[in-house]
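Q: Below is the file protein_20.txt, with compact mmCIF, C-alpha atoms.
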```
# COMPACT_ATOMS: atom_id res chain seq x y z
CA MET A 1 -2.38 3.79 -33.25
CA SER A 2 -5.62 4.84 -31.59
CA GLU A 3 -6.04 8.07 -29.61
CA ARG A 4 -6.42 5.98 -26.44
CA SER A 5 -3.13 4.17 -27.11
CA GLU A 6 -1.31 7.48 -27.66
CA LEU A 7 -2.66 8.83 -24.38
CA ARG A 8 -1.56 5.73 -22.51
CA SER A 9 1.99 5.40 -23.90
CA THR A 10 3.53 6.09 -20.49
CA VAL A 11 4.71 3.76 -17.75
CA LEU A 12 4.50 5.34 -14.30
CA ALA A 13 6.67 4.48 -11.29
CA GLY A 14 6.20 5.77 -7.76
CA VAL A 15 9.45 6.77 -6.04
CA ASP A 16 10.13 7.73 -2.42
CA GLY A 17 13.90 7.42 -2.10
CA SER A 18 13.86 3.87 -0.75
CA PRO A 19 15.83 1.01 -2.37
CA GLN A 20 12.49 -0.64 -3.11
CA SER A 21 11.23 2.31 -5.12
CA THR A 22 14.53 2.50 -6.99
CA ALA A 23 14.09 -1.14 -7.93
CA ALA A 24 10.56 -0.34 -9.11
CA ALA A 25 11.82 2.58 -11.20
CA ARG A 26 14.43 0.40 -12.89
CA TRP A 27 11.88 -2.33 -13.53
CA ALA A 28 9.43 0.24 -14.94
CA ALA A 29 12.15 1.65 -17.20
CA ALA A 30 12.84 -1.76 -18.73
CA GLU A 31 9.10 -2.26 -19.18
CA ALA A 32 8.78 1.15 -20.88
CA VAL A 33 11.60 0.28 -23.28
CA ARG A 34 9.96 -3.05 -24.02
CA ARG A 35 6.63 -1.33 -24.78
CA GLY A 36 8.10 1.59 -26.69
CA ALA A 37 6.70 3.94 -24.06
CA SER A 38 8.07 6.83 -22.03
CA LEU A 39 8.71 6.68 -18.28
CA ARG A 40 7.28 9.01 -15.68
CA LEU A 41 8.67 9.04 -12.15
CA VAL A 42 6.29 10.45 -9.53
CA HIS A 43 7.01 11.44 -5.94
CA ALA A 44 4.10 12.30 -3.63
CA TRP A 45 4.70 15.30 -1.36
CA PRO A 46 1.43 16.19 0.42
CA TRP A 47 2.91 18.91 2.65
CA LEU A 48 3.32 21.27 -0.31
CA THR A 49 -0.32 21.29 -1.28
CA ASP A 50 -2.12 24.61 -1.33
CA GLY A 51 -5.49 23.06 -2.10
CA VAL A 52 -5.39 24.43 -5.65
CA SER A 53 -2.36 23.11 -7.53
CA SER A 54 -1.94 19.49 -8.54
CA TYR A 55 1.77 19.50 -9.33
CA ALA A 56 4.77 21.34 -7.95
CA GLU A 57 7.32 23.30 -9.93
CA PRO A 58 10.84 21.84 -9.54
CA ASP A 59 12.17 24.92 -7.74
CA ASP A 60 9.33 24.75 -5.21
CA LEU A 61 10.34 21.32 -3.95
CA PRO A 62 12.39 20.89 -0.80
CA GLU A 63 15.89 19.58 -1.35
CA ALA A 64 14.95 16.07 -0.20
CA ALA A 65 12.17 15.77 -2.77
CA GLN A 66 14.37 17.13 -5.56
CA ARG A 67 17.09 14.67 -4.62
CA THR A 68 14.64 11.74 -4.55
CA LEU A 69 13.46 12.41 -8.09
CA ALA A 70 16.92 13.22 -9.42
CA GLU A 71 18.50 10.05 -8.00
CA ALA A 72 15.71 7.86 -9.35
CA ALA A 73 16.03 9.43 -12.80
CA GLU A 74 19.82 9.01 -12.70
CA ALA A 75 19.52 5.32 -11.81
CA VAL A 76 17.16 4.80 -14.74
CA ARG A 77 19.17 6.76 -17.30
CA ALA A 78 22.34 4.89 -16.36
CA ARG A 79 20.72 1.73 -17.72
CA HIS A 80 18.54 3.23 -20.46
CA PRO A 81 20.10 6.48 -21.74
CA GLU A 82 17.76 6.49 -24.74
CA LEU A 83 14.59 6.41 -22.64
CA ALA A 84 12.43 9.54 -22.31
CA VAL A 85 12.10 10.17 -18.56
CA GLN A 86 9.81 12.72 -16.90
CA THR A 87 9.86 13.53 -13.18
CA ASP A 88 6.98 15.02 -11.22
CA ALA A 89 5.95 15.66 -7.63
CA VAL A 90 2.25 15.33 -6.91
CA LEU A 91 0.79 17.39 -4.10
CA ASP A 92 -1.22 14.68 -2.45
CA SER A 93 -0.94 11.66 -0.18
CA PRO A 94 1.03 8.75 -1.68
CA ILE A 95 -2.08 6.61 -2.19
CA ASP A 96 -4.42 9.27 -3.62
CA GLY A 97 -1.61 10.92 -5.57
CA LEU A 98 -0.41 7.76 -7.26
CA VAL A 99 -3.92 6.56 -8.10
CA ALA A 100 -4.74 9.93 -9.69
CA ALA A 101 -1.42 10.20 -11.53
CA ALA A 102 -1.82 6.70 -12.98
CA ALA A 103 -5.08 7.62 -14.71
CA ASP A 104 -3.17 8.73 -17.81
CA ALA A 105 -0.61 5.92 -17.74
CA GLU A 106 -0.52 2.48 -19.30
CA LEU A 107 0.50 0.91 -16.02
CA LEU A 108 1.88 1.80 -12.60
CA VAL A 109 4.94 0.16 -11.01
CA LEU A 110 5.57 0.21 -7.26
CA GLY A 111 8.17 -1.24 -4.92
CA SER A 112 7.65 -3.60 -2.00
CA ARG A 113 9.66 -4.64 1.02
CA GLY A 114 8.21 -8.16 0.92
CA ARG A 115 10.58 -11.10 0.44
CA GLY A 116 8.14 -13.53 -1.14
CA GLY A 117 7.32 -17.09 -0.13
CA PHE A 118 4.81 -18.19 2.46
CA THR A 119 7.01 -16.92 5.32
CA GLY A 120 7.86 -13.62 3.59
CA LEU A 121 7.30 -10.16 5.04
CA LEU A 122 4.00 -8.42 4.42
CA LEU A 123 3.52 -5.98 1.58
CA GLY A 124 3.62 -2.25 2.30
CA SER A 125 0.29 -0.54 2.94
CA VAL A 126 0.75 2.00 0.12
CA SER A 127 1.38 -0.66 -2.52
CA MET A 128 -1.53 -2.75 -1.28
CA SER A 129 -3.94 0.20 -1.20
CA VAL A 130 -2.94 1.53 -4.61
CA ALA A 131 -3.22 -1.94 -6.16
CA GLY A 132 -6.72 -2.15 -4.73
CA ARG A 133 -7.87 1.20 -6.13
CA SER A 134 -6.00 1.93 -9.36
CA GLY A 135 -7.94 2.03 -12.61
CA VAL A 136 -4.89 0.77 -14.54
CA PRO A 137 -2.76 -2.34 -13.97
CA VAL A 138 -0.37 -2.07 -11.01
CA ILE A 139 2.86 -4.07 -10.92
CA VAL A 140 4.49 -4.58 -7.52
CA VAL A 141 8.23 -5.35 -7.61
CA ARG A 142 10.44 -6.58 -4.81
CA GLU A 143 13.97 -5.23 -4.60
CA ALA A 144 15.59 -8.68 -4.55
CA VAL A 145 13.66 -9.75 -7.65
CA GLU A 146 14.68 -6.66 -9.59
CA ALA A 147 18.31 -7.06 -8.60
CA ALA A 148 18.37 -10.66 -9.77
CA ASP A 149 16.31 -10.47 -12.94
CA GLY A 150 16.05 -6.86 -14.06
CA ALA A 151 12.55 -6.55 -15.52
CA GLY A 152 11.90 -10.24 -15.52
CA GLY A 153 13.81 -11.62 -18.49
CA ALA A 154 12.03 -14.25 -20.56
CA GLY A 155 10.74 -16.49 -17.79
CA GLU A 156 7.13 -17.60 -17.71
CA VAL A 157 4.28 -15.17 -17.30
CA VAL A 158 1.99 -16.84 -14.78
CA VAL A 159 -1.66 -15.84 -14.86
CA GLY A 160 -4.40 -16.85 -12.47
CA VAL A 161 -7.50 -18.01 -14.34
CA ASP A 162 -10.95 -18.62 -12.94
CA ALA A 163 -11.95 -21.18 -15.56
CA HIS A 164 -15.61 -20.84 -14.55
CA ALA A 165 -15.64 -17.07 -15.19
CA PRO A 166 -12.46 -16.03 -17.03
CA GLU A 167 -11.64 -12.31 -17.10
CA GLU A 168 -10.76 -11.22 -20.64
CA GLU A 169 -8.79 -8.15 -19.52
CA VAL A 170 -6.56 -10.22 -17.24
CA LEU A 171 -5.84 -12.84 -19.88
CA ALA A 172 -5.21 -10.19 -22.54
CA PHE A 173 -2.70 -8.45 -20.28
CA ALA A 174 -0.87 -11.70 -19.50
CA PHE A 175 -0.65 -12.78 -23.13
CA ARG A 176 0.56 -9.35 -24.20
CA GLU A 177 3.27 -9.36 -21.54
CA ALA A 178 4.37 -12.83 -22.61
CA ALA A 179 4.50 -11.76 -26.27
CA LEU A 180 6.59 -8.69 -25.39
CA ARG A 181 9.04 -10.88 -23.45
CA GLY A 182 9.17 -13.80 -25.86
CA ALA A 183 7.96 -15.88 -22.93
CA ARG A 184 5.32 -18.53 -22.50
CA VAL A 185 2.16 -18.22 -20.45
CA ARG A 186 1.49 -20.56 -17.56
CA ALA A 187 -2.26 -20.40 -17.01
CA VAL A 188 -2.97 -21.55 -13.45
CA HIS A 189 -6.49 -22.54 -12.51
CA GLY A 190 -6.77 -23.31 -8.82
CA TRP A 191 -9.89 -25.21 -7.94
CA GLU A 192 -11.46 -26.31 -4.68
CA LEU A 193 -13.18 -29.50 -3.66
CA PRO A 194 -16.95 -29.18 -3.20
CA PRO A 195 -17.86 -28.27 0.42
CA LEU A 196 -19.60 -31.58 0.95
CA PHE A 197 -16.24 -33.37 1.03
CA GLY A 198 -15.10 -31.17 3.89
CA TYR A 199 -18.25 -31.93 5.82
CA ALA A 200 -17.75 -35.67 5.35
CA GLY A 201 -14.59 -35.58 7.47
CA GLY A 202 -12.88 -38.45 5.67
CA ALA A 203 -10.50 -38.92 2.76
CA VAL A 204 -11.77 -37.83 -0.63
CA PRO A 205 -12.10 -40.77 -3.04
CA ALA A 206 -9.35 -40.64 -5.66
CA ALA A 207 -11.87 -41.24 -8.44
CA GLU A 208 -13.84 -38.16 -7.39
CA VAL A 209 -10.70 -36.02 -7.42
CA GLU A 210 -9.66 -37.26 -10.86
CA GLN A 211 -13.11 -36.69 -12.30
CA SER A 212 -13.32 -33.17 -10.90
CA GLU A 213 -9.82 -32.30 -12.05
CA ALA A 214 -10.56 -33.50 -15.58
CA LEU A 215 -13.61 -31.26 -15.72
CA GLU A 216 -11.66 -28.26 -14.40
CA ALA A 217 -8.92 -28.89 -16.99
CA LYS A 218 -11.50 -28.91 -19.77
CA LEU A 219 -12.95 -25.62 -18.56
CA LEU A 220 -9.48 -24.07 -18.48
CA SER A 221 -8.83 -25.13 -22.08
CA LEU A 222 -12.09 -23.53 -23.16
CA ALA A 223 -11.25 -20.31 -21.30
CA LEU A 224 -7.88 -20.07 -23.09
CA ALA A 225 -9.19 -20.74 -26.60
CA GLY A 226 -9.75 -17.07 -27.46
CA PRO A 227 -6.42 -15.68 -26.15
CA ARG A 228 -4.54 -18.52 -27.83
CA GLU A 229 -6.16 -17.72 -31.16
CA ARG A 230 -5.29 -14.03 -30.81
CA HIS A 231 -1.69 -14.76 -29.78
CA PRO A 232 -0.62 -17.85 -31.76
CA GLN A 233 3.07 -17.05 -31.17
CA VAL A 234 2.73 -17.46 -27.39
CA ALA A 235 3.27 -20.94 -25.98
CA VAL A 236 0.84 -21.90 -23.22
CA VAL A 237 1.08 -24.31 -20.32
CA GLU A 238 -2.25 -25.25 -18.77
CA ASP A 239 -1.82 -25.84 -15.06
CA VAL A 240 -4.71 -27.11 -12.92
CA ARG A 241 -4.12 -27.41 -9.19
CA LEU A 242 -6.01 -27.57 -5.93
CA GLY A 243 -6.07 -24.22 -4.11
CA ALA A 244 -5.93 -21.02 -6.16
CA ALA A 245 -3.74 -18.80 -3.97
CA ARG A 246 -1.19 -21.46 -3.07
CA ALA A 247 -1.05 -22.65 -6.68
CA LEU A 248 -0.12 -19.17 -7.92
CA VAL A 249 2.45 -18.56 -5.18
CA GLU A 250 4.10 -21.90 -5.93
CA ALA A 251 4.08 -21.20 -9.67
CA SER A 252 5.67 -17.77 -9.09
CA ALA A 253 9.09 -19.27 -8.33
CA GLY A 254 11.23 -18.52 -11.39
CA ALA A 255 8.49 -16.57 -13.19
CA SER A 256 9.12 -13.15 -14.71
CA LEU A 257 5.63 -11.93 -13.78
CA VAL A 258 2.49 -13.15 -12.03
CA VAL A 259 -0.81 -11.69 -13.23
CA VAL A 260 -3.99 -11.62 -11.13
CA GLY A 261 -7.29 -9.83 -11.53
CA ARG A 262 -9.19 -7.37 -9.37
CA ARG A 263 -12.75 -6.27 -9.92
CA HIS A 264 -12.83 -2.57 -10.82
CA ARG A 265 -15.36 -0.44 -8.96
CA SER A 266 -16.41 3.03 -10.09
CA PHE A 267 -17.08 4.15 -6.51
CA ASP A 268 -14.44 4.55 -3.82
CA LEU A 269 -15.08 2.45 -0.74
CA GLY A 270 -11.46 1.60 -0.05
CA PRO A 271 -9.29 -1.19 -1.43
CA ARG A 272 -11.07 -4.06 -3.11
CA LEU A 273 -8.59 -6.90 -3.46
CA GLY A 274 -9.94 -10.42 -3.51
CA ARG A 275 -8.56 -13.21 -1.36
CA VAL A 276 -6.35 -14.65 -4.11
CA ALA A 277 -4.88 -11.31 -5.22
CA HIS A 278 -4.25 -10.38 -1.58
CA ALA A 279 -2.36 -13.61 -0.89
CA VAL A 280 -0.34 -13.47 -4.11
CA LEU A 281 0.72 -9.85 -3.49
CA HIS A 282 1.99 -10.81 -0.05
CA HIS A 283 3.77 -14.03 -0.90
CA ALA A 284 4.67 -14.35 -4.61
CA GLU A 285 8.36 -14.67 -5.44
CA ALA A 286 8.04 -12.68 -8.68
CA PRO A 287 6.67 -9.24 -9.56
CA VAL A 288 2.87 -9.23 -9.41
CA ALA A 289 0.56 -7.42 -11.82
CA VAL A 290 -2.92 -6.61 -10.50
CA VAL A 291 -5.23 -5.98 -13.45
CA PRO A 292 -8.62 -4.33 -12.89
CA HIS A 293 -11.58 -5.79 -14.75
CA PRO A 294 -15.34 -5.15 -14.79
```
Represent the structure contained in this file as structure tokens.
A:
Amino acid sequence: MSERSELRSTVLAGVDGSPQSTAAARWAAAEAVRRGASLRLVHAWPWLTDGVSSYAEPDDLPEAAQRTLAEAAEAVRARHPELAVQTDAVLDSPIDGLVAAAADAELLVLGSRGRGGFTGLLLGSVSMSVAGRSGVPVIVVREAVEAADGAGGAGEVVVGVDAHAPEEEVLAFAFREAALRGARVRAVHGWELPPLFGYAGGAVPAAEVEQSEALEAKLLSLALAGPRERHPQVAVVEDVRLGAARALVEASAGASLVVVGRRHRSFDLGPRLGRVAHAVLHHAEAPVAVVPHP
């Protein structure tokens, strides 16, 4: 194992005492077991900061913060008594604290109050902001999903693919998750009709649609050639549909995980989630992994 792998053998979960964060902690615990990693539960408590320290000693925490961490750890250990669990309070705002704490983790898991589906509730601002800034993959879990499926079972891992410019990091993450679960990958490439059809104002000729779709399907196959070769044990479904965001949301029903990409920026100008990732985080019916890429 490389030095980098050893440093990143931790799954991090943000907890705040809500049912949603408890669901995230349980989901993260199952993911840590699956990866052979340890679990770290982090609670942000900005009011304790003295401008010098980064972490609080357990005895320095107010009773509410101690209880939040203890209850989350208890919920996790009840399901996974063999799992190594660490609890910490970071002396920072939830967004800045979680982004900083995740720097040494393999991935970060957060909870959401969203219900999924196109009429679902909106995602929480903390989860959205952290997903837009984190340097490591962020998985957002809804309470109802965790209660029904634990950490996702062996359902499909759905990954959004831009067949014209595939992101290697996103595909690698999706194939690895599928291999860990014994699941198949559903690679969804959502494409759009050329703008000229919209300007025409009439129905698009069926022949034009078929021809375009065939080309998009060929591009998707080419984009998946490398990951397929590296993960021959993972079955793959190639799924080409009109409309990227809607295609992924529709494919999320029954999936164990939906994987989307986000361009990683070395400078901090606020969240940088693309249109597709933004829509999927709000409306997907499965946990969503946002994977940063160059």
Q: Have a look at A:Ala163, A:Val33, A:Val157, A:Ala251 and name the one nearest to Ser221 in chain A; count all atoms listed in the file.
A: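 Result for the nearest residue to Ser221 in chain A: A:Ala163.
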Q: Could you work out how far CA of Val170 in chain A lies from CA of Leu193 in chain A, giving the answer in Å with one decimal?
A: 24.5 Å
Q: Which one is closest to Val159 in chain A: A:Ala105, A:Leu248, A:Ala183, A:Val130? Count only C-alpha atoms.
A: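 Ranking A:Ala105, A:Leu248, A:Ala183, A:Val130 by distance to Val159 in chain A, first place goes to A:Leu248.
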Q: Which residue out of A:Gly111, A:Gly14, A:Gly155, A:Gly135 has the minimum interatomic distance to Gly97 in chain A when all atoms listed in the file are used?
A: A:Gly14
Q: CA of Arg35 in chain A and CA of Ser252 in chain A are how many Å apart?
A: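 Spanning CA of Arg35 in chain A to CA of Ser252 in chain A is a straight-line distance of 22.7 Å.
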Q: What is the CA of Ala255 in chain A-CA of Ser38 in chain A distance in Å, reported with one decimal?
A: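 Spanning CA of Ala255 in chain A to CA of Ser38 in chain A is a straight-line distance of 25.0 Å.
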Q: Would you kindly return, as an mmCIF file with C-alpha atoms, in the coordinates of the input, each protein, DNA or RNA residue with an atom no farther than 7 Å from any atom of Pro292 in chain A, considering only C-alpha atoms and excluding same-chain residues fewer than 3 positions away?
A:
```cif
data_model
loop_
_atom_site.group_PDB
_atom_site.id
_atom_site.type_symbol
_atom_site.label_atom_id
_atom_site.label_comp_id
_atom_site.auth_asym_id
_atom_site.auth_seq_id
_atom_site.Cartn_x
_atom_site.Cartn_y
_atom_site.Cartn_z
ATOM 1 C CA GLY A 135 -7.940 2.030 -12.610
ATOM 2 C CA VAL A 136 -4.890 0.770 -14.540
ATOM 3 C CA PRO A 137 -2.760 -2.340 -13.970
ATOM 4 C CA GLY A 261 -7.290 -9.830 -11.530
ATOM 5 C CA ARG A 262 -9.190 -7.370 -9.370
ATOM 6 C CA ARG A 263 -12.750 -6.270 -9.920
ATOM 7 C CA HIS A 264 -12.830 -2.570 -10.820
#
```
Q: Rank nothing, just name the residue among A:Pro166, A:Gly182, A:Pro81, A:Gly190 nearest to Arg241 in chain A, using all atoms listed in the file.
A: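 So, comparing all the options, the nearest one is A:Gly190.
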Q: Would you kindly return, as a VMD selection string, each protein, DNA or RNA residue with an atom no farther than 9 Å from any atom of Val109 in chain A, considering all atoms listed in the file and excluding same-chain residues fewer than 2 positions away?
A: chain A and resid 11 to 14 21 24 to 25 27 to 28 107 111 137 to 141 289
Q: Compile the contact shell of Trp191 in chain A as a PDB file with C-alpha atoms, in the coordinates of the input: residues with an atom at most 9 Å away, counting only C-alpha atoms, same-chain residues fewer than 6 positions apart removed.
A:
```
ATOM      1  CA  ASP A 162     -10.950 -18.620 -12.940  1.00  0.00           C
ATOM      2  CA  ALA A 163     -11.950 -21.180 -15.560  1.00  0.00           C
ATOM      3  CA  GLU A 213      -9.820 -32.300 -12.050  1.00  0.00           C
ATOM      4  CA  GLU A 216     -11.660 -28.260 -14.400  1.00  0.00           C
ATOM      5  CA  VAL A 240      -4.710 -27.110 -12.920  1.00  0.00           C
ATOM      6  CA  ARG A 241      -4.120 -27.410  -9.190  1.00  0.00           C
ATOM      7  CA  LEU A 242      -6.010 -27.570  -5.930  1.00  0.00           C
ATOM      8  CA  GLY A 243      -6.070 -24.220  -4.110  1.00  0.00           C
ATOM      9  CA  ALA A 244      -5.930 -21.020  -6.160  1.00  0.00           C
TER      10      ALA A 244
END
```
Q: Would you list the contacts of Leu69 in chain A as a list in words, taking every protein, DNA or RNA residue within 9 Å and counting all atoms listed in the file, but skipping same-chain residues closer than 2 positions in sequence?
A: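 The filter keeps Val15, Asp16, Gly17, Leu41, Val42, His43, Ala64, Ala65, Gln66, Arg67, Glu71, Ala72, Ala73, Glu74, Thr87, Asp88 and Ala89 of chain A.
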Q: So that I can see what lies close to Asp239 in chain A, please list as a list of chain:residue names the residues with an atom at most 8 Å from it, counting all atoms listed in the file and leaving out residues fewer than 6 positions away in the same chain.
A: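 The residues satisfying every condition are A:Arg186, A:Ala187, A:Val188, A:His189, A:Ala217.
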Q: Just write the chosen residues, C-alpha atoms, as a short mmCIF file (atom, residue, chain, number, x, y, z; two decimals), keeping the file's coordinate frame.
A:
```cif
data_model
loop_
_atom_site.label_atom_id
_atom_site.label_comp_id
_atom_site.auth_asym_id
_atom_site.auth_seq_id
_atom_site.Cartn_x
_atom_site.Cartn_y
_atom_site.Cartn_z
CA ARG A 186 1.49 -20.56 -17.56
CA ALA A 187 -2.26 -20.40 -17.01
CA VAL A 188 -2.97 -21.55 -13.45
CA HIS A 189 -6.49 -22.54 -12.51
CA ALA A 217 -8.92 -28.89 -16.99
#
```
